Amino acid sequence: MADQPLTSRGAATYQRILDVAIQEFAEHGIAGARVERIVAAARTNKAQLYAYFGNKEGLFDAIFFGSLERIVNVVPIDATDLADWAVRLYDEYLRRPDLIRLATWARLERRPAGHLVDNPDRLDDHKLGAIAEAQAAGLVRQGDPFDVMAMVIAMSMAWSPVSNVYAATAQEPPELHEQRRALLRESVRRAMTAD
């Protein structure tokens with residue numbers, strides 16, 4: 001990012017840009033997002049956006065890496081109960097479907113293979129360490145901790161906004177979500193508990 005806002009008014013503009021850009025990028029992707037729509041909805045101008053973020057790619061980076069941090073911090077791992085972690089991820093996808101869409105656009109438009117972000121930007125060291133510790137304690141099945149984490153995340157995304165089968169929404173009946181949570185919890189427990 002080029003410049004951080006120094007005044008409360010600048011900080012408010014900066015936050016409006018981020019809020020609008022999250023929805024714009026989630027809906028249209030990196031290539032399809034339009035700076036003109038963002039600045040109009042954020043009640044600012046291109047010069048201000050470029051001063052804060054450099055360009056459209058810099059703005060996407062700011063919201064994308066912010067979304068990664070949110071998922072890591074809002075849904076902390078408990079490697080002794082990966083089934084519960086999967087259910088909490090499911091709930092977060094219901095609350096913030098835009099975050100999953102942002103990651104999907106990054107995958108489609110930037111990184112079609114390999115890790116979604118460069119190693120220095122990955123935020124999974126703590127998760128991988130927690131899984132390795134749970135494996136050493138005989139609580140979690142053996143296997144590469146990254147692969148275990150990836151499998152649990154994939155299972156938690158079965159009904160996410162990027163599912164190729166069915167995308168759930170928070171507006172669906174609570175009992176339907178409870179059925180999915182129960183199935184997810186039991187499936188992860190059976191798949192990931194050490195024999």
# chains A, B, ... in the order shown; residues from 1 in each chain; ligands from 1
$ residues_around --residues "Asn45 (chain A)" --least-positions-apart "6" --cutoff "10 Å" --atoms "only C-alpha atoms" --output "PDB file with all heavy atoms, in the first residue's frame"
ATOM      1  N   THR A  13     -12.548   7.036   4.875  1.00  0.00           N
ATOM      2  CA  THR A  13     -12.552   6.808   3.427  1.00  0.00           C
ATOM      3  C   THR A  13     -11.849   5.498   3.100  1.00  0.00           C
ATOM      4  O   THR A  13     -12.337   4.698   2.287  1.00  0.00           O
ATOM      5  CB  THR A  13     -11.863   7.976   2.689  1.00  0.00           C
ATOM      6  OG1 THR A  13     -12.562   9.179   2.994  1.00  0.00           O
ATOM      7  CG2 THR A  13     -11.833   7.757   1.192  1.00  0.00           C
ATOM      8  N   ILE A  17     -13.564   2.253   1.234  1.00  0.00           N
ATOM      9  CA  ILE A  17     -13.005   1.632   0.031  1.00  0.00           C
ATOM     10  C   ILE A  17     -12.858   0.131   0.253  1.00  0.00           C
ATOM     11  O   ILE A  17     -13.256  -0.676  -0.597  1.00  0.00           O
ATOM     12  CB  ILE A  17     -11.654   2.272  -0.362  1.00  0.00           C
ATOM     13  CG1 ILE A  17     -11.845   3.721  -0.806  1.00  0.00           C
ATOM     14  CG2 ILE A  17     -10.971   1.453  -1.466  1.00  0.00           C
ATOM     15  CD1 ILE A  17     -10.540   4.498  -0.971  1.00  0.00           C
ATOM     16  N   VAL A  35     -12.753  -0.275 -10.783  1.00  0.00           N
ATOM     17  CA  VAL A  35     -12.388   0.804  -9.865  1.00  0.00           C
ATOM     18  C   VAL A  35     -13.468   1.881  -9.858  1.00  0.00           C
ATOM     19  O   VAL A  35     -13.792   2.444  -8.805  1.00  0.00           O
ATOM     20  CB  VAL A  35     -11.003   1.387 -10.238  1.00  0.00           C
ATOM     21  CG1 VAL A  35     -10.724   2.674  -9.481  1.00  0.00           C
ATOM     22  CG2 VAL A  35      -9.913   0.354  -9.977  1.00  0.00           C
ATOM     23  N   GLU A  36     -14.073   2.139 -11.006  1.00  0.00           N
ATOM     24  CA  GLU A  36     -15.112   3.173 -11.091  1.00  0.00           C
ATOM     25  C   GLU A  36     -16.287   2.842 -10.176  1.00  0.00           C
ATOM     26  O   GLU A  36     -16.829   3.724  -9.501  1.00  0.00           O
ATOM     27  CB  GLU A  36     -15.616   3.324 -12.538  1.00  0.00           C
ATOM     28  CG  GLU A  36     -14.582   3.860 -13.509  1.00  0.00           C
ATOM     29  CD  GLU A  36     -13.581   2.794 -13.993  1.00  0.00           C
ATOM     30  OE1 GLU A  36     -13.785   1.580 -13.742  1.00  0.00           O
ATOM     31  OE2 GLU A  36     -12.564   3.189 -14.584  1.00  0.00           O
ATOM     32  N   ILE A  38     -16.157   0.924  -7.503  1.00  0.00           N
ATOM     33  CA  ILE A  38     -15.679   0.977  -6.116  1.00  0.00           C
ATOM     34  C   ILE A  38     -15.663   2.407  -5.606  1.00  0.00           C
ATOM     35  O   ILE A  38     -16.193   2.698  -4.534  1.00  0.00           O
ATOM     36  CB  ILE A  38     -14.286   0.321  -5.991  1.00  0.00           C
ATOM     37  CG1 ILE A  38     -14.377  -1.174  -6.292  1.00  0.00           C
ATOM     38  CG2 ILE A  38     -13.695   0.568  -4.600  1.00  0.00           C
ATOM     39  CD1 ILE A  38     -13.038  -1.865  -6.455  1.00  0.00           C
ATOM     40  N   VAL A  39     -15.067   3.314  -6.373  1.00  0.00           N
ATOM     41  CA  VAL A  39     -14.961   4.694  -5.872  1.00  0.00           C
ATOM     42  C   VAL A  39     -16.334   5.365  -5.811  1.00  0.00           C
ATOM     43  O   VAL A  39     -16.588   6.157  -4.897  1.00  0.00           O
ATOM     44  CB  VAL A  39     -13.946   5.547  -6.681  1.00  0.00           C
ATOM     45  CG1 VAL A  39     -12.538   4.985  -6.526  1.00  0.00           C
ATOM     46  CG2 VAL A  39     -14.327   5.686  -8.137  1.00  0.00           C
TER      47      VAL A  39
END
$ residues_around --residues "Gly32 (chain A)" --least-positions-apart "3" --cutoff "12 Å" --atoms "only C-alpha atoms" --output "count of residues only"
16
$ closest_atom_pairs --of "region 31-144 of chain A" --to "region 172-178 of chain A" --cutoff "10 Å" --atoms "only C-alpha atoms" --output "Markdown table"
| residue | atom | partner | partner_atom | distance |
| --- | --- | --- | --- | --- |
| A:Val87 | CA | A:Glu178 | CA | 9.9 |
| A:Tyr90 | CA | A:His177 | CA | 9.3 |
| A:Asp91 | CA | A:His177 | CA | 8.9 |
| A:Leu94 | CA | A:His177 | CA | 9.7 |
$ residues_around --residues "region 141-143 of chain A" --least-positions-apart "2" --cutoff "8 Å" --atoms "only C-alpha atoms" --output "list in words"
Gln135, Gly138, Leu139, Pro145, Asp147, Val148, Met192, Thr193, Ala194 and Asp195 of chain A
$ select_by_dssp --residues "region 131-186 of chain A" --states "alpha helix (DSSP H)" --output "short mmCIF file (atom, residue, chain, number, x, y, z; two decimals) with all heavy atoms, in the first residue's frame"
data_model
loop_
_atom_site.label_atom_id
_atom_site.label_comp_id
_atom_site.auth_asym_id
_atom_site.auth_seq_id
_atom_site.Cartn_x
_atom_site.Cartn_y
_atom_site.Cartn_z
N ILE A 131 -1.56 -29.60 14.65
CA ILE A 131 -1.93 -30.92 14.12
C ILE A 131 -0.80 -31.92 14.39
O ILE A 131 -1.06 -33.05 14.82
CB ILE A 131 -2.26 -30.82 12.61
CG1 ILE A 131 -3.57 -30.05 12.42
CG2 ILE A 131 -2.36 -32.22 11.98
CD1 ILE A 131 -3.87 -29.68 10.97
N ALA A 132 0.45 -31.51 14.17
CA ALA A 132 1.58 -32.41 14.43
C ALA A 132 1.62 -32.83 15.90
O ALA A 132 1.89 -34.00 16.22
CB ALA A 132 2.89 -31.74 14.01
N GLU A 133 1.34 -31.90 16.80
CA GLU A 133 1.32 -32.22 18.23
C GLU A 133 0.20 -33.21 18.55
O GLU A 133 0.38 -34.15 19.33
CB GLU A 133 1.13 -30.95 19.07
CG GLU A 133 2.36 -30.08 19.14
CD GLU A 133 2.13 -28.79 19.91
OE1 GLU A 133 1.16 -28.72 20.71
OE2 GLU A 133 2.91 -27.86 19.72
N ALA A 134 -0.97 -32.99 17.96
CA ALA A 134 -2.09 -33.91 18.19
C ALA A 134 -1.79 -35.29 17.60
O ALA A 134 -2.19 -36.32 18.17
CB ALA A 134 -3.37 -33.33 17.59
N GLN A 135 -1.07 -35.32 16.49
CA GLN A 135 -0.66 -36.60 15.92
C GLN A 135 0.32 -37.31 16.85
O GLN A 135 0.19 -38.51 17.11
CB GLN A 135 -0.02 -36.40 14.54
CG GLN A 135 -1.02 -36.01 13.46
CD GLN A 135 -0.35 -35.64 12.15
OE1 GLN A 135 0.69 -34.97 12.14
NE2 GLN A 135 -0.96 -36.05 11.04
N ALA A 136 1.29 -36.56 17.38
CA ALA A 136 2.28 -37.15 18.29
C ALA A 136 1.62 -37.68 19.56
O ALA A 136 2.07 -38.67 20.15
CB ALA A 136 3.34 -36.11 18.64
N PRO A 145 0.80 -33.14 8.12
CA PRO A 145 -0.12 -32.21 8.77
C PRO A 145 -0.81 -31.25 7.79
O PRO A 145 -1.98 -30.92 7.97
CB PRO A 145 0.76 -31.45 9.77
CG PRO A 145 1.86 -32.42 10.09
CD PRO A 145 2.11 -33.16 8.79
N PHE A 146 -0.10 -30.85 6.74
CA PHE A 146 -0.72 -29.98 5.74
C PHE A 146 -1.86 -30.69 5.05
O PHE A 146 -2.94 -30.12 4.84
CB PHE A 146 0.30 -29.48 4.71
CG PHE A 146 -0.31 -28.57 3.70
CD1 PHE A 146 -0.46 -27.21 3.96
CD2 PHE A 146 -0.78 -29.06 2.49
CE1 PHE A 146 -1.06 -26.37 3.04
CE2 PHE A 146 -1.38 -28.22 1.56
CZ PHE A 146 -1.51 -26.87 1.85
N ASP A 147 -1.66 -31.96 4.69
CA ASP A 147 -2.71 -32.71 4.02
C ASP A 147 -3.91 -32.95 4.94
O ASP A 147 -5.06 -32.89 4.49
CB ASP A 147 -2.17 -34.04 3.50
CG ASP A 147 -1.19 -33.85 2.34
OD1 ASP A 147 -1.23 -32.78 1.69
OD2 ASP A 147 -0.39 -34.77 2.09
N VAL A 148 -3.65 -33.19 6.21
CA VAL A 148 -4.75 -33.34 7.17
C VAL A 148 -5.54 -32.04 7.25
O VAL A 148 -6.78 -32.04 7.17
CB VAL A 148 -4.21 -33.75 8.56
CG1 VAL A 148 -5.30 -33.66 9.62
CG2 VAL A 148 -3.61 -35.16 8.51
N MET A 149 -4.83 -30.91 7.38
CA MET A 149 -5.50 -29.61 7.43
C MET A 149 -6.31 -29.36 6.16
O MET A 149 -7.47 -28.94 6.22
CB MET A 149 -4.48 -28.49 7.63
CG MET A 149 -5.09 -27.10 7.69
SD MET A 149 -3.86 -25.77 7.73
CE MET A 149 -3.21 -25.84 6.06
N ALA A 150 -5.70 -29.63 5.02
CA ALA A 150 -6.38 -29.40 3.74
C ALA A 150 -7.65 -30.24 3.63
O ALA A 150 -8.68 -29.76 3.13
CB ALA A 150 -5.44 -29.70 2.57
N MET A 151 -7.61 -31.47 4.11
CA MET A 151 -8.78 -32.35 4.03
C MET A 151 -9.90 -31.84 4.94
O MET A 151 -11.06 -31.82 4.53
CB MET A 151 -8.38 -33.78 4.42
CG MET A 151 -9.54 -34.75 4.36
SD MET A 151 -10.23 -34.96 2.69
CE MET A 151 -8.89 -35.78 1.88
N VAL A 152 -9.56 -31.41 6.15
CA VAL A 152 -10.58 -30.89 7.06
C VAL A 152 -11.21 -29.62 6.47
O VAL A 152 -12.44 -29.46 6.48
CB VAL A 152 -10.01 -30.63 8.46
CG1 VAL A 152 -11.05 -29.94 9.36
CG2 VAL A 152 -9.55 -31.94 9.10
N ILE A 153 -10.39 -28.75 5.93
CA ILE A 153 -10.92 -27.52 5.31
C ILE A 153 -11.82 -27.88 4.13
O ILE A 153 -12.90 -27.31 3.98
CB ILE A 153 -9.78 -26.57 4.90
CG1 ILE A 153 -9.10 -26.01 6.16
CG2 ILE A 153 -10.30 -25.44 4.02
CD1 ILE A 153 -7.81 -25.25 5.89
N ALA A 154 -11.39 -28.81 3.30
CA ALA A 154 -12.20 -29.22 2.15
C ALA A 154 -13.55 -29.78 2.60
O ALA A 154 -14.59 -29.46 2.01
CB ALA A 154 -11.45 -30.24 1.31
N MET A 155 -13.54 -30.57 3.65
CA MET A 155 -14.80 -31.12 4.16
C MET A 155 -15.70 -30.01 4.70
O MET A 155 -16.91 -30.02 4.49
CB MET A 155 -14.52 -32.17 5.24
CG MET A 155 -13.85 -33.42 4.68
SD MET A 155 -13.28 -34.56 5.96
CE MET A 155 -14.82 -35.38 6.35
N SER A 156 -15.09 -29.03 5.36
CA SER A 156 -15.88 -27.92 5.90
C SER A 156 -16.50 -27.06 4.80
O SER A 156 -17.49 -26.38 5.02
CB SER A 156 -15.02 -27.04 6.82
OG SER A 156 -14.12 -26.24 6.07
N PRO A 174 -32.68 -23.23 10.29
CA PRO A 174 -31.65 -23.63 11.27
C PRO A 174 -31.50 -25.15 11.40
O PRO A 174 -30.39 -25.65 11.56
CB PRO A 174 -32.14 -23.02 12.58
CG PRO A 174 -33.02 -21.88 12.17
CD PRO A 174 -33.64 -22.29 10.86
N GLU A 175 -32.61 -25.89 11.30
CA GLU A 175 -32.52 -27.35 11.44
C GLU A 175 -31.72 -27.98 10.30
O GLU A 175 -31.05 -29.00 10.48
CB GLU A 175 -33.91 -28.00 11.57
CG GLU A 175 -34.86 -27.73 10.43
CD GLU A 175 -35.68 -26.44 10.54
OE1 GLU A 175 -35.43 -25.63 11.45
OE2 GLU A 175 -36.56 -26.27 9.69
N LEU A 176 -31.75 -27.36 9.13
CA LEU A 176 -30.96 -27.86 8.01
C LEU A 176 -29.46 -27.69 8.31
O LEU A 176 -28.66 -28.59 8.06
CB LEU A 176 -31.36 -27.13 6.72
CG LEU A 176 -30.77 -27.61 5.41
CD1 LEU A 176 -31.03 -29.10 5.20
CD2 LEU A 176 -31.34 -26.81 4.26
N HIS A 177 -29.11 -26.52 8.85
CA HIS A 177 -27.71 -26.29 9.23
C HIS A 177 -27.28 -27.26 10.32
O HIS A 177 -26.15 -27.75 10.32
CB HIS A 177 -27.49 -24.84 9.66
CG HIS A 177 -27.63 -23.87 8.53
ND1 HIS A 177 -26.83 -23.90 7.41
CD2 HIS A 177 -28.50 -22.86 8.35
CE1 HIS A 177 -27.19 -22.94 6.59
NE2 HIS A 177 -28.21 -22.28 7.13
N GLU A 178 -28.16 -27.54 11.26
CA GLU A 178 -27.82 -28.48 12.33
C GLU A 178 -27.57 -29.88 11.77
O GLU A 178 -26.66 -30.57 12.22
CB GLU A 178 -28.90 -28.50 13.40
CG GLU A 178 -28.85 -27.31 14.33
CD GLU A 178 -27.48 -27.10 14.96
OE1 GLU A 178 -26.84 -28.07 15.43
OE2 GLU A 178 -27.01 -25.94 14.98
N GLN A 179 -28.35 -30.28 10.79
CA GLN A 179 -28.13 -31.59 10.15
C GLN A 179 -26.76 -31.64 9.48
O GLN A 179 -26.03 -32.63 9.59
CB GLN A 179 -29.22 -31.87 9.12
CG GLN A 179 -30.58 -32.14 9.69
CD GLN A 179 -31.66 -32.21 8.60
OE1 GLN A 179 -31.38 -32.12 7.41
NE2 GLN A 179 -32.91 -32.36 9.02
N ARG A 180 -26.43 -30.57 8.76
CA ARG A 180 -25.13 -30.51 8.08
C ARG A 180 -23.99 -30.51 9.09
O ARG A 180 -22.97 -31.18 8.91
CB ARG A 180 -25.05 -29.29 7.18
CG ARG A 180 -25.95 -29.37 5.99
CD ARG A 180 -25.82 -28.13 5.13
NE ARG A 180 -26.82 -28.14 4.08
CZ ARG A 180 -27.51 -27.08 3.71
NH1 ARG A 180 -27.33 -25.91 4.29
NH2 ARG A 180 -28.40 -27.17 2.74
N ARG A 181 -24.14 -29.71 10.15
CA ARG A 181 -23.10 -29.67 11.19
C ARG A 181 -22.88 -31.05 11.79
O ARG A 181 -21.73 -31.46 12.01
CB ARG A 181 -23.48 -28.67 12.28
CG ARG A 181 -23.40 -27.23 11.86
CD ARG A 181 -23.80 -26.30 13.01
NE ARG A 181 -23.88 -24.92 12.56
CZ ARG A 181 -25.03 -24.26 12.41
NH1 ARG A 181 -26.19 -24.82 12.72
NH2 ARG A 181 -25.02 -23.00 11.99
N ALA A 182 -23.96 -31.76 12.08
CA ALA A 182 -23.84 -33.09 12.67
C ALA A 182 -23.12 -34.05 11.71
O ALA A 182 -22.24 -34.82 12.12
CB ALA A 182 -25.22 -33.63 13.04
N LEU A 183 -23.49 -34.00 10.44
CA LEU A 183 -22.85 -34.86 9.44
C LEU A 183 -21.38 -34.50 9.30
O LEU A 183 -20.50 -35.37 9.26
CB LEU A 183 -23.57 -34.74 8.10
CG LEU A 183 -22.96 -35.53 6.94
CD1 LEU A 183 -22.92 -37.03 7.24
CD2 LEU A 183 -23.73 -35.25 5.65
N LEU A 184 -21.08 -33.22 9.22
CA LEU A 184 -19.70 -32.76 9.09
C LEU A 184 -18.89 -33.17 10.31
O LEU A 184 -17.78 -33.71 10.18
CB LEU A 184 -19.68 -31.24 8.90
CG LEU A 184 -18.31 -30.56 8.81
CD1 LEU A 184 -17.50 -31.12 7.65
CD2 LEU A 184 -18.50 -29.05 8.69
N ARG A 185 -19.42 -32.93 11.49
CA ARG A 185 -18.72 -33.27 12.72
C ARG A 185 -18.37 -34.77 12.76
O ARG A 185 -17.24 -35.16 13.02
CB ARG A 185 -19.57 -32.88 13.93
CG ARG A 185 -18.90 -33.09 15.26
CD ARG A 185 -19.76 -32.59 16.42
NE ARG A 185 -19.64 -31.14 16.52
CZ ARG A 185 -20.63 -30.28 16.25
NH1 ARG A 185 -21.82 -30.71 15.87
NH2 ARG A 185 -20.43 -28.98 16.38
N GLU A 186 -19.36 -35.59 12.48
CA GLU A 186 -19.14 -37.04 12.53
C GLU A 186 -18.18 -37.50 11.43
O GLU A 186 -17.32 -38.36 11.66
CB GLU A 186 -20.47 -37.78 12.42
CG GLU A 186 -20.36 -39.28 12.51
CD GLU A 186 -19.82 -39.79 13.83
OE1 GLU A 186 -19.74 -39.02 14.82
OE2 GLU A 186 -19.44 -40.99 13.89
#
$ atom_distance --atom1 "CA of Val20 (chain A)" --atom2 "CA of Ala42 (chain A)"
6.2 Å
$ atom_distance --atom1 "CA of Arg95 (chain A)" --atom2 "CA of Phe53 (chain A)"
26.6 Å
$ residues_around --residues "Arg189 (chain A)" --least-positions-apart "6" --cutoff "10 Å" --atoms "only C-alpha atoms" --output "VMD selection string"
chain A and resid 81 to 84 86 140 152 183
$ write_last_selection --atoms "N, CA, C and O atoms" --output "PDB file, in the first residue's frame"
ATOM      1  N   ASP A  81      -9.677 -31.385  18.493  1.00  0.00           N
ATOM      2  CA  ASP A  81     -11.080 -31.536  18.092  1.00  0.00           C
ATOM      3  C   ASP A  81     -11.262 -30.927  16.697  1.00  0.00           C
ATOM      4  O   ASP A  81     -11.879 -29.882  16.530  1.00  0.00           O
ATOM      5  N   LEU A  82     -10.694 -31.607  15.712  1.00  0.00           N
ATOM      6  CA  LEU A  82     -10.776 -31.109  14.338  1.00  0.00           C
ATOM      7  C   LEU A  82     -12.205 -31.074  13.829  1.00  0.00           C
ATOM      8  O   LEU A  82     -12.547 -30.253  12.981  1.00  0.00           O
ATOM      9  N   ALA A  83     -13.060 -31.939  14.353  1.00  0.00           N
ATOM     10  CA  ALA A  83     -14.464 -31.954  13.932  1.00  0.00           C
ATOM     11  C   ALA A  83     -15.143 -30.645  14.326  1.00  0.00           C
ATOM     12  O   ALA A  83     -15.896 -30.062  13.534  1.00  0.00           O
ATOM     13  N   ASP A  84     -14.889 -30.174  15.523  1.00  0.00           N
ATOM     14  CA  ASP A  84     -15.460 -28.905  15.965  1.00  0.00           C
ATOM     15  C   ASP A  84     -14.900 -27.752  15.134  1.00  0.00           C
ATOM     16  O   ASP A  84     -15.623 -26.823  14.769  1.00  0.00           O
ATOM     17  N   ALA A  86     -13.944 -27.874  12.039  1.00  0.00           N
ATOM     18  CA  ALA A  86     -14.607 -27.919  10.738  1.00  0.00           C
ATOM     19  C   ALA A  86     -15.989 -27.275  10.810  1.00  0.00           C
ATOM     20  O   ALA A  86     -16.385 -26.522   9.911  1.00  0.00           O
ATOM     21  N   VAL A 140      -4.802 -37.627  16.454  1.00  0.00           N
ATOM     22  CA  VAL A 140      -5.134 -37.378  15.046  1.00  0.00           C
ATOM     23  C   VAL A 140      -4.372 -38.388  14.197  1.00  0.00           C
ATOM     24  O   VAL A 140      -3.205 -38.692  14.491  1.00  0.00           O
ATOM     25  N   VAL A 152      -9.556 -31.409   6.147  1.00  0.00           N
ATOM     26  CA  VAL A 152     -10.585 -30.892   7.055  1.00  0.00           C
ATOM     27  C   VAL A 152     -11.209 -29.625   6.471  1.00  0.00           C
ATOM     28  O   VAL A 152     -12.435 -29.458   6.484  1.00  0.00           O
ATOM     29  N   LEU A 183     -23.493 -34.003  10.442  1.00  0.00           N
ATOM     30  CA  LEU A 183     -22.850 -34.860   9.442  1.00  0.00           C
ATOM     31  C   LEU A 183     -21.377 -34.500   9.298  1.00  0.00           C
ATOM     32  O   LEU A 183     -20.497 -35.375   9.258  1.00  0.00           O
TER      33      LEU A 183
END
$ residues_around --residues "region 67-75 of chain A" --least-positions-apart "6" --cutoff "7 Å" --atoms "only C-alpha atoms" --output "JSON, numbers by chain"
{"A": [88, 89, 99]}
$ atom_distance --atom1 "CA of Ile30 (chain A)" --atom2 "CA of Gly66 (chain A)"
15.7 Å
$ residues_around --residues "Thr169 (chain A)" --least-positions-apart "4" --cutoff "9 Å" --atoms "only C-alpha atoms" --output "ChimeraX atom specification"
/A:93-95,97,159-161
$ closest_residue --among "A:Ala41, A:Ala170, A:Ala79, A:Leu18" --to "Ala130 (chain A)" --atoms "only C-alpha atoms"
A:Ala79
$ closest_residue --among "A:Val165, A:Ala137, A:Leu128, A:Leu49" --to "Gln15 (chain A)" --atoms "only C-alpha atoms"
A:Leu49
$ residues_around --residues "His115 (chain A)" --least-positions-apart "5" --cutoff "12 Å" --atoms "only C-alpha atoms" --output "MDAnalysis selection string"
chainID A and resid 103 106:107 110 120:124 146:147 150
$ write_last_selection --atoms "N, CA and C atoms" --output "short mmCIF file (atom, residue, chain, number, x, y, z; two decimals), in the first residue's frame"
data_model
loop_
_atom_site.label_atom_id
_atom_site.label_comp_id
_atom_site.auth_asym_id
_atom_site.auth_seq_id
_atom_site.Cartn_x
_atom_site.Cartn_y
_atom_site.Cartn_z
N ALA A 103 -11.01 -15.93 -1.96
CA ALA A 103 -9.97 -16.95 -2.09
C ALA A 103 -10.12 -17.72 -3.40
N ALA A 106 -8.78 -15.64 -6.20
CA ALA A 106 -7.31 -15.67 -6.16
C ALA A 106 -6.81 -16.98 -6.77
N ARG A 107 -7.48 -18.07 -6.48
CA ARG A 107 -7.09 -19.36 -7.04
C ARG A 107 -7.28 -19.36 -8.56
N ARG A 110 -5.00 -16.11 -10.12
CA ARG A 110 -3.59 -15.91 -9.79
C ARG A 110 -2.82 -17.21 -9.62
N PRO A 120 6.07 -16.94 2.54
CA PRO A 120 6.15 -15.91 3.59
C PRO A 120 4.78 -15.37 4.00
N ASP A 121 3.78 -15.50 3.14
CA ASP A 121 2.44 -14.97 3.43
C ASP A 121 1.50 -16.03 4.02
N ARG A 122 1.95 -17.26 4.06
CA ARG A 122 1.09 -18.32 4.62
C ARG A 122 0.95 -18.12 6.12
N LEU A 123 -0.24 -18.40 6.60
CA LEU A 123 -0.54 -18.19 8.01
C LEU A 123 -0.89 -19.51 8.70
N ASP A 124 -0.37 -20.61 8.18
CA ASP A 124 -0.80 -21.90 8.71
C ASP A 124 0.24 -22.61 9.58
N PHE A 146 -0.10 -30.85 6.74
CA PHE A 146 -0.72 -29.98 5.74
C PHE A 146 -1.86 -30.69 5.05
N ASP A 147 -1.66 -31.96 4.69
CA ASP A 147 -2.71 -32.71 4.02
C ASP A 147 -3.91 -32.95 4.94
N ALA A 150 -5.70 -29.63 5.02
CA ALA A 150 -6.38 -29.40 3.74
C ALA A 150 -7.65 -30.24 3.63
#
